[in-house]
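Heads up, the thing below is written out as structure tokens.
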Amino acid sequence: MANLHTDFLGIHSPNPYWLASAPPTDKKINVLRAFEAGWGGVVWKTLGSQVKNVSSRYSAVDYEGSRVMGFNNIELISDRPLDINLKEIAECVRLFPDRAMVVSLMADNDRNSWHELIKQVEDAGAHGLELNFGCPHGMTERGMGAAVGQDPEIARMVVDWVMEAAHIPVITKLTPNVHSVVPTGRAAVEAGTNALSLINTIQSVTGVDLDTFIPNPNVGGKSTFGGYCGPAVKPIALKMLTTITQDPVTSKVPVSGIGGISTWKDAAEFMLLGATSVQVCTAVMTHGFRIIEDLCEGLNNWMDEKGFTRIEDFIGKSVPTLTQWEELDINYHVVARIDPAKCIHCGLCYIACEDASHQSIRLDYGNPYNTYTIKEEECVGCNLCNLICPVDGCITMVEQRKGAEYLNWREFQRRGLPLNDH
């Protein structure tokens, strides 16, 4: 079987799955149960100044019968006493020395506060530190969290302070609540951070109660912007991860991927785009710690199938395939094909193409059912019908190149080629 062992900055774990800094990593009882279930590591819920959380603090977005497509929280950092957290961290490290123990930190914005907190966490036996530059609510009003991650120069200053005191690896966690994560990522790398992690939660409002008119979650008749996570944010996380792994500065350090990871397939996608480890939160909050069994088994089987023996064999393998639009091959063309043996005659493809695309599906009325075929001369290969079709393999996209040579938009313009030929 493939080896899932992960070495992240010398922090070893039996598999690449870590629990993200969140309620599941808030206390010893949770972390020990996670380790017993088989999780490779944890990022302990953020430690810092004393806070007080509110109630309620969670909300969600459901979609077409699926619960918690997206998850929102307005929870702050750990509200448990620092000394208790430190004691429990030390106990978890003692009981499971082979698991990654990274501790998330958000100190007050001065050098001494960071130095003191780092020393206390290192003395507790932590293997690494994760700097929380991402929390989008509550802490930003105090000049912390996303308020640091949104300003590259402030982030650079804080990382400088941290690197003065840290004797264990430092991971800087980036906020997605910016135009681009690259400037802050570069600042952190240039200041000496050993690694990056992303994404933190996205500022959001998940909805409004149409009876009370109060947005969710309801805290005594008021609400506030919260942090959005769960399966809905995965595409955003993958995009931001790739901008980090493609950049010449930020790609110099390893990355821990976060954002909507629920299955082993999600994890594999994050690692193909450059993540060395992955962090999971919402999936555990909705399904429990035992999902680690499927996460490991699925990834193991896929690696065996693809001939990968180690995690390192495929990390970043997909990064070079993401390019600028101008570099795409204009001569590459596909058209849709409908398999009549698999078609259930629902007409969804026809409706979508007729109303929202290029009217390239022919409808033949019949008895007992209608039939659908592609007008290949009209089909632009947009792929909408394939995405709409409820039957796997019924609609496929078949290559029909416009020309033998590779031709991108820049070359197309340079040659002054006529648009109507393409």
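Residues are named by chain letter and number: chains run A, B, ... in the order of the structure tokens, numbers start at 1 in each chain, and ligands are numbered from 1 in the order shown.
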
Counting only C-alpha atoms, give me one row per residue of range 39-138 of chain A with an atom at most 10 Å from an atom of range 25-28 of chain A, showing the shortest contact pair and its distance in Å to one decimal, sorted by chain then residue number, as JSON lines.
{"residue": "A:Val42", "atom": "CA", "partner": "A:Thr25", "partner_atom": "CA", "distance": 6.7}
{"residue": "A:Val43", "atom": "CA", "partner": "A:Thr25", "partner_atom": "CA", "distance": 6.8}
{"residue": "A:Trp44", "atom": "CA", "partner": "A:Thr25", "partner_atom": "CA", "distance": 5.0}
{"residue": "A:Lys45", "atom": "CA", "partner": "A:Asp26", "partner_atom": "CA", "distance": 5.1}
{"residue": "A:Thr46", "atom": "CA", "partner": "A:Asp26", "partner_atom": "CA", "distance": 8.3}
{"residue": "A:Leu47", "atom": "CA", "partner": "A:Asp26", "partner_atom": "CA", "distance": 9.6}
{"residue": "A:Ile77", "atom": "CA", "partner": "A:Asp26", "partner_atom": "CA", "distance": 9.3}
{"residue": "A:Ser78", "atom": "CA", "partner": "A:Asp26", "partner_atom": "CA", "distance": 6.7}
{"residue": "A:Asp79", "atom": "CA", "partner": "A:Asp26", "partner_atom": "CA", "distance": 9.1}
{"residue": "A:Arg80", "atom": "CA", "partner": "A:Asp26", "partner_atom": "CA", "distance": 8.4}
{"residue": "A:Ile84", "atom": "CA", "partner": "A:Lys27", "partner_atom": "CA", "distance": 8.9}
{"residue": "A:Asn85", "atom": "CA", "partner": "A:Lys27", "partner_atom": "CA", "distance": 6.9}
{"residue": "A:Leu86", "atom": "CA", "partner": "A:Lys27", "partner_atom": "CA", "distance": 9.9}
{"residue": "A:Lys87", "atom": "CA", "partner": "A:Lys28", "partner_atom": "CA", "distance": 9.1}
{"residue": "A:Glu88", "atom": "CA", "partner": "A:Lys28", "partner_atom": "CA", "distance": 5.4}
{"residue": "A:Ile89", "atom": "CA", "partner": "A:Lys28", "partner_atom": "CA", "distance": 7.0}
{"residue": "A:Ala90", "atom": "CA", "partner": "A:Lys28", "partner_atom": "CA", "distance": 9.5}
{"residue": "A:Glu91", "atom": "CA", "partner": "A:Lys28", "partner_atom": "CA", "distance": 7.8}
{"residue": "A:Cys92", "atom": "CA", "partner": "A:Lys28", "partner_atom": "CA", "distance": 6.6}
{"residue": "A:Val103", "atom": "CA", "partner": "A:Thr25", "partner_atom": "CA", "distance": 9.6}

- prompt: Within 10 Å of Thr242 in chain A, counting only C-alpha atoms, which residues qualify if same-chain residues fewer than 4 places away don't, as a ChimeraX atom specification?
  reply: /A:237-238,246-247,251,270,272-275,316,318-320,322

Write out, as JSON lines, each residue of range 48-164 of chain A that has an atom at most 7 Å from range 202-212 of chain A, together with the closest pair of atoms and their distance in Å to one decimal, counting only C-alpha atoms, rows going by chain and rising number.
{"residue": "A:Ser59", "atom": "CA", "partner": "A:Thr206", "partner_atom": "CA", "distance": 6.8}
{"residue": "A:Ala60", "atom": "CA", "partner": "A:Thr206", "partner_atom": "CA", "distance": 6.3}
{"residue": "A:Val61", "atom": "CA", "partner": "A:Thr206", "partner_atom": "CA", "distance": 6.1}
{"residue": "A:Asn72", "atom": "CA", "partner": "A:Thr206", "partner_atom": "CA", "distance": 6.8}
{"residue": "A:Pro136", "atom": "CA", "partner": "A:Gln203", "partner_atom": "CA", "distance": 5.8}

Those same residues - C-alpha atoms - I'd like them written as a compact mmCIF listing (two decimals), in the first residue's frame.
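Okay, part_19.txt is ready:
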# COMPACT_ATOMS: atom_id res chain seq x y z
CA SER A 59 -25.44 29.26 10.64
CA ALA A 60 -25.45 27.33 7.37
CA VAL A 61 -26.55 27.29 3.76
CA ASN A 72 -20.82 30.19 8.83
CA PRO A 136 -12.67 37.75 9.67

Got a sec: who's within 7 Å of Lys402 in chain A, counting only C-alpha atoms, leaving out chain neighbours fewer than 5 positions off, as a PyMOL selection string?
chain A and resi 331-333

Selection file, C-alpha atoms, as a CSV table (one decimal), in the first residue's frame:
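out.csv, freshly written:
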chain,number,residue,atom,x,y,z
A,331,ASN,CA,-7.7,25.2,-32.2
A,332,TYR,CA,-8.8,22.7,-29.5
A,333,HIS,CA,-12.5,22.1,-30.0

DSSP helix (DSSP H, G or I) residues within range 35-209 of chain A, as a VMD selection string: chain A and resid 35 to 37 82 to 95 111 to 123 140 to 142 146 to 149 152 to 165 182 to 190

Now that the selection is made, can you save its residues with C-alpha atoms as a PDB file, in the first residue's frame?
ATOM      1  CA  PHE A  35      -5.901  10.951  17.466  1.00  0.00           C
ATOM      2  CA  GLU A  36      -7.470   7.676  18.584  1.00  0.00           C
ATOM      3  CA  ALA A  37      -9.612   7.724  15.440  1.00  0.00           C
ATOM      4  CA  LEU A  82      -4.473  29.881  28.531  1.00  0.00           C
ATOM      5  CA  ASP A  83      -2.902  27.807  31.293  1.00  0.00           C
ATOM      6  CA  ILE A  84      -5.478  25.043  30.843  1.00  0.00           C
ATOM      7  CA  ASN A  85      -4.915  24.986  27.084  1.00  0.00           C
ATOM      8  CA  LEU A  86      -1.148  24.744  27.543  1.00  0.00           C
ATOM      9  CA  LYS A  87      -1.466  21.934  30.063  1.00  0.00           C
ATOM     10  CA  GLU A  88      -3.743  19.962  27.747  1.00  0.00           C
ATOM     11  CA  ILE A  89      -1.468  20.516  24.742  1.00  0.00           C
ATOM     12  CA  ALA A  90       1.439  19.040  26.702  1.00  0.00           C
ATOM     13  CA  GLU A  91      -0.668  16.049  27.701  1.00  0.00           C
ATOM     14  CA  CYS A  92      -1.752  15.341  24.100  1.00  0.00           C
ATOM     15  CA  VAL A  93       1.860  15.535  22.875  1.00  0.00           C
ATOM     16  CA  ARG A  94       2.944  13.130  25.614  1.00  0.00           C
ATOM     17  CA  LEU A  95       0.227  10.599  24.765  1.00  0.00           C
ATOM     18  CA  ARG A 111       6.472  42.264  20.060  1.00  0.00           C
ATOM     19  CA  ASN A 112       6.524  41.264  23.732  1.00  0.00           C
ATOM     20  CA  SER A 113       3.060  39.680  23.629  1.00  0.00           C
ATOM     21  CA  TRP A 114       4.059  37.510  20.699  1.00  0.00           C
ATOM     22  CA  HIS A 115       7.381  36.528  22.267  1.00  0.00           C
ATOM     23  CA  GLU A 116       5.767  35.585  25.566  1.00  0.00           C
ATOM     24  CA  LEU A 117       3.006  33.511  23.958  1.00  0.00           C
ATOM     25  CA  ILE A 118       5.466  31.709  21.692  1.00  0.00           C
ATOM     26  CA  LYS A 119       7.670  30.733  24.646  1.00  0.00           C
ATOM     27  CA  GLN A 120       4.713  29.354  26.582  1.00  0.00           C
ATOM     28  CA  VAL A 121       3.528  27.270  23.630  1.00  0.00           C
ATOM     29  CA  GLU A 122       7.007  25.961  22.875  1.00  0.00           C
ATOM     30  CA  ASP A 123       7.431  24.992  26.531  1.00  0.00           C
ATOM     31  CA  THR A 140     -10.499  42.393  13.355  1.00  0.00           C
ATOM     32  CA  GLU A 141     -12.063  45.157  15.421  1.00  0.00           C
ATOM     33  CA  ARG A 142      -9.105  44.756  17.772  1.00  0.00           C
ATOM     34  CA  ALA A 146      -7.779  39.460   9.055  1.00  0.00           C
ATOM     35  CA  ALA A 147      -6.797  43.032   9.938  1.00  0.00           C
ATOM     36  CA  VAL A 148      -3.193  41.762   9.936  1.00  0.00           C
ATOM     37  CA  GLY A 149      -3.601  39.484   6.909  1.00  0.00           C
ATOM     38  CA  PRO A 152       1.183  42.970   3.901  1.00  0.00           C
ATOM     39  CA  GLU A 153       3.387  45.371   5.843  1.00  0.00           C
ATOM     40  CA  ILE A 154       1.668  44.678   9.170  1.00  0.00           C
ATOM     41  CA  ALA A 155       1.897  40.967   8.411  1.00  0.00           C
ATOM     42  CA  ARG A 156       5.604  41.353   7.637  1.00  0.00           C
ATOM     43  CA  MET A 157       6.151  43.157  10.960  1.00  0.00           C
ATOM     44  CA  VAL A 158       4.371  40.484  12.998  1.00  0.00           C
ATOM     45  CA  VAL A 159       6.198  37.635  11.248  1.00  0.00           C
ATOM     46  CA  ASP A 160       9.460  39.460  11.965  1.00  0.00           C
ATOM     47  CA  TRP A 161       8.565  39.535  15.678  1.00  0.00           C
ATOM     48  CA  VAL A 162       7.616  35.855  15.641  1.00  0.00           C
ATOM     49  CA  MET A 163      10.791  34.716  13.893  1.00  0.00           C
ATOM     50  CA  GLU A 164      12.869  36.523  16.529  1.00  0.00           C
ATOM     51  CA  ALA A 165      11.506  34.207  19.207  1.00  0.00           C
ATOM     52  CA  VAL A 182      -0.042  36.702  -2.874  1.00  0.00           C
ATOM     53  CA  PRO A 183       1.088  40.106  -1.466  1.00  0.00           C
ATOM     54  CA  THR A 184       0.616  39.047   2.161  1.00  0.00           C
ATOM     55  CA  GLY A 185       2.037  35.617   1.387  1.00  0.00           C
ATOM     56  CA  ARG A 186       5.152  37.221  -0.104  1.00  0.00           C
ATOM     57  CA  ALA A 187       5.538  39.551   2.863  1.00  0.00           C
ATOM     58  CA  ALA A 188       5.340  36.625   5.274  1.00  0.00           C
ATOM     59  CA  VAL A 189       7.859  34.554   3.292  1.00  0.00           C
ATOM     60  CA  GLU A 190      10.265  37.483   2.986  1.00  0.00           C
TER      61      GLU A 190
END

DSSP on the backbone: what in range 55-194 of chain A comes out strand (DSSP E), as an mmCIF file with C-alpha atoms, in the first residue's frame?
data_model
loop_
_atom_site.group_PDB
_atom_site.id
_atom_site.type_symbol
_atom_site.label_atom_id
_atom_site.label_comp_id
_atom_site.auth_asym_id
_atom_site.auth_seq_id
_atom_site.Cartn_x
_atom_site.Cartn_y
_atom_site.Cartn_z
ATOM 1 C CA TYR A 58 -23.290 29.166 13.768
ATOM 2 C CA SER A 59 -25.438 29.256 10.642
ATOM 3 C CA ALA A 60 -25.455 27.333 7.372
ATOM 4 C CA VAL A 61 -26.547 27.294 3.756
ATOM 5 C CA ASP A 62 -28.482 24.241 2.571
ATOM 6 C CA TYR A 63 -28.971 23.481 -1.115
ATOM 7 C CA SER A 66 -28.216 18.845 1.076
ATOM 8 C CA ARG A 67 -27.516 20.151 4.554
ATOM 9 C CA VAL A 68 -24.617 22.498 5.285
ATOM 10 C CA MET A 69 -23.324 23.122 1.792
ATOM 11 C CA GLY A 70 -21.746 26.176 3.390
ATOM 12 C CA PHE A 71 -21.094 26.846 7.069
ATOM 13 C CA ASN A 72 -20.819 30.194 8.835
ATOM 14 C CA ASN A 73 -19.497 31.001 12.284
ATOM 15 C CA ALA A 100 1.528 16.684 14.480
ATOM 16 C CA MET A 101 0.747 19.249 17.193
ATOM 17 C CA VAL A 102 0.610 22.726 15.706
ATOM 18 C CA VAL A 103 -0.816 25.560 17.810
ATOM 19 C CA SER A 104 -2.629 28.548 16.324
ATOM 20 C CA LEU A 105 -1.712 31.925 17.827
ATOM 21 C CA MET A 106 -3.144 35.435 17.791
ATOM 22 C CA GLY A 128 4.855 24.092 15.195
ATOM 23 C CA LEU A 129 3.059 27.441 15.307
ATOM 24 C CA GLU A 130 0.325 28.726 12.998
ATOM 25 C CA LEU A 131 -0.138 32.504 12.951
ATOM 26 C CA ASN A 132 -3.822 33.357 12.618
ATOM 27 C CA VAL A 170 6.166 28.798 11.815
ATOM 28 C CA ILE A 171 3.175 28.610 9.460
ATOM 29 C CA THR A 172 1.395 31.830 8.476
ATOM 30 C CA LYS A 173 -2.336 31.417 7.823
#

| field | Nearest residue to Gly230 in chain A from the set A:Thr243, A:Ser256, A:Thr276, A:Asn200 (distances using only C-alpha atoms) | value |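 Ranking A:Thr243, A:Ser256, A:Thr276, A:Asn200 by distance to Gly230 in chain A, first place goes to A:Asn200.
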
- What's the 7 Å shell around Ala336 in chain A, counting only C-alpha atoms, without same-chain residues fewer than 2 positions away, as JSON, numbers by chain? {"A": [334, 338, 374, 381, 395, 396, 397, 398]}

Could you write out the selected residues, including N, CA and C atoms, as an mmCIF file, in the first residue's frame?
data_model
loop_
_atom_site.group_PDB
_atom_site.id
_atom_site.type_symbol
_atom_site.label_atom_id
_atom_site.label_comp_id
_atom_site.auth_asym_id
_atom_site.auth_seq_id
_atom_site.Cartn_x
_atom_site.Cartn_y
_atom_site.Cartn_z
ATOM 1 N N VAL A 334 -14.267 20.804 -28.952
ATOM 2 C CA VAL A 334 -15.043 19.603 -28.654
ATOM 3 C C VAL A 334 -16.502 19.861 -28.996
ATOM 4 N N ILE A 338 -24.693 12.623 -27.594
ATOM 5 C CA ILE A 338 -25.684 12.014 -26.703
ATOM 6 C C ILE A 338 -25.787 10.534 -27.033
ATOM 7 N N ILE A 374 -27.472 16.101 -31.157
ATOM 8 C CA ILE A 374 -26.654 17.317 -31.226
ATOM 9 C C ILE A 374 -26.540 17.804 -32.669
ATOM 10 N N GLY A 381 -19.183 23.482 -27.978
ATOM 11 C CA GLY A 381 -18.415 22.717 -26.990
ATOM 12 C C GLY A 381 -18.355 23.360 -25.625
ATOM 13 N N ILE A 395 -23.980 12.014 -21.952
ATOM 14 C CA ILE A 395 -23.444 13.047 -22.841
ATOM 15 C C ILE A 395 -21.940 13.117 -22.650
ATOM 16 N N THR A 396 -21.200 13.006 -23.719
ATOM 17 C CA THR A 396 -19.738 13.111 -23.682
ATOM 18 C C THR A 396 -19.297 14.215 -24.636
ATOM 19 N N MET A 397 -18.121 14.736 -24.376
ATOM 20 C CA MET A 397 -17.553 15.785 -25.219
ATOM 21 C C MET A 397 -16.449 15.153 -26.069
ATOM 22 N N VAL A 398 -16.610 15.225 -27.377
ATOM 23 C CA VAL A 398 -15.723 14.549 -28.319
ATOM 24 C C VAL A 398 -14.862 15.585 -29.035
#

Might you pull out every residue within 12 Å of Pro390 in chain A, with only C-alpha atoms counted and same-chain residues fewer than 5 positions away left off, and present them as a PDB file with C-alpha atoms, in the first residue's frame?
ATOM      1  CA  LYS A 342     -28.392   5.963 -21.900  1.00  0.00           C
ATOM      2  CA  CYS A 343     -30.732   8.914 -22.525  1.00  0.00           C
ATOM      3  CA  ILE A 344     -33.765   9.012 -20.215  1.00  0.00           C
ATOM      4  CA  HIS A 345     -35.505  11.639 -22.395  1.00  0.00           C
ATOM      5  CA  CYS A 346     -35.815  14.184 -19.597  1.00  0.00           C
ATOM      6  CA  GLY A 347     -35.072  17.102 -21.915  1.00  0.00           C
ATOM      7  CA  LEU A 348     -32.921  18.991 -19.407  1.00  0.00           C
ATOM      8  CA  CYS A 349     -30.058  19.320 -21.887  1.00  0.00           C
ATOM      9  CA  CYS A 385     -25.450  19.949 -21.513  1.00  0.00           C
ATOM     10  CA  ILE A 395     -23.444  13.047 -22.841  1.00  0.00           C
TER      11      ILE A 395
END

Can you list, as a PyMOL selection string, every protein, DNA or RNA residue that comes within 6 Å of Ile258 in chain A when you count only C-alpha atoms, leaving out same-chain residues fewer than 3 positions away?
chain A and resi 198-199+278-279

Using only C-alpha atoms, the residue out of A:Pro14, A:Asp339, A:Ile315, A:Gly288 with shortest distance to Asp392 in chain A is A:Asp339

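If only C-alpha atoms are the atoms counted, then among A:Thr282, A:Ser262, A:Asn370, A:Thr250 the closest residue to Asp294 in chain A is A:Ser262.
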
Practice prompt. Find the spatial neighbours of Ser277 in chain A, counting only C-alpha atoms, within a cut-off of 9 Å - ignore same-chain residues fewer than 4 positions away - and output them as a VMD selection string.
Written response: chain A and resid 6 to 8 15 to 18 254 to 258 267 270 to 271

Export of prior selection with C-alpha atoms as an mmCIF file, in the first residue's frame:
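This went into selection-v6.cif:
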data_model
loop_
_atom_site.group_PDB
_atom_site.id
_atom_site.type_symbol
_atom_site.label_atom_id
_atom_site.label_comp_id
_atom_site.auth_asym_id
_atom_site.auth_seq_id
_atom_site.Cartn_x
_atom_site.Cartn_y
_atom_site.Cartn_z
ATOM 1 C CA THR A 6 3.836 13.340 5.810
ATOM 2 C CA ASP A 7 6.891 15.447 6.623
ATOM 3 C CA PHE A 8 5.884 19.100 6.864
ATOM 4 C CA ASN A 15 -1.056 10.874 7.193
ATOM 5 C CA PRO A 16 -1.547 14.357 5.683
ATOM 6 C CA TYR A 17 -4.885 14.993 7.386
ATOM 7 C CA TRP A 18 -4.813 17.567 10.168
ATOM 8 C CA PRO A 254 5.409 24.399 1.802
ATOM 9 C CA VAL A 255 1.679 25.023 2.073
ATOM 10 C CA SER A 256 -1.031 23.474 4.219
ATOM 11 C CA GLY A 257 -4.290 23.496 2.269
ATOM 12 C CA ILE A 258 -7.619 24.418 3.862
ATOM 13 C CA ALA A 267 -7.590 16.252 -0.412
ATOM 14 C CA PHE A 270 -5.412 20.200 -2.927
ATOM 15 C CA MET A 271 -2.182 18.209 -2.964
#
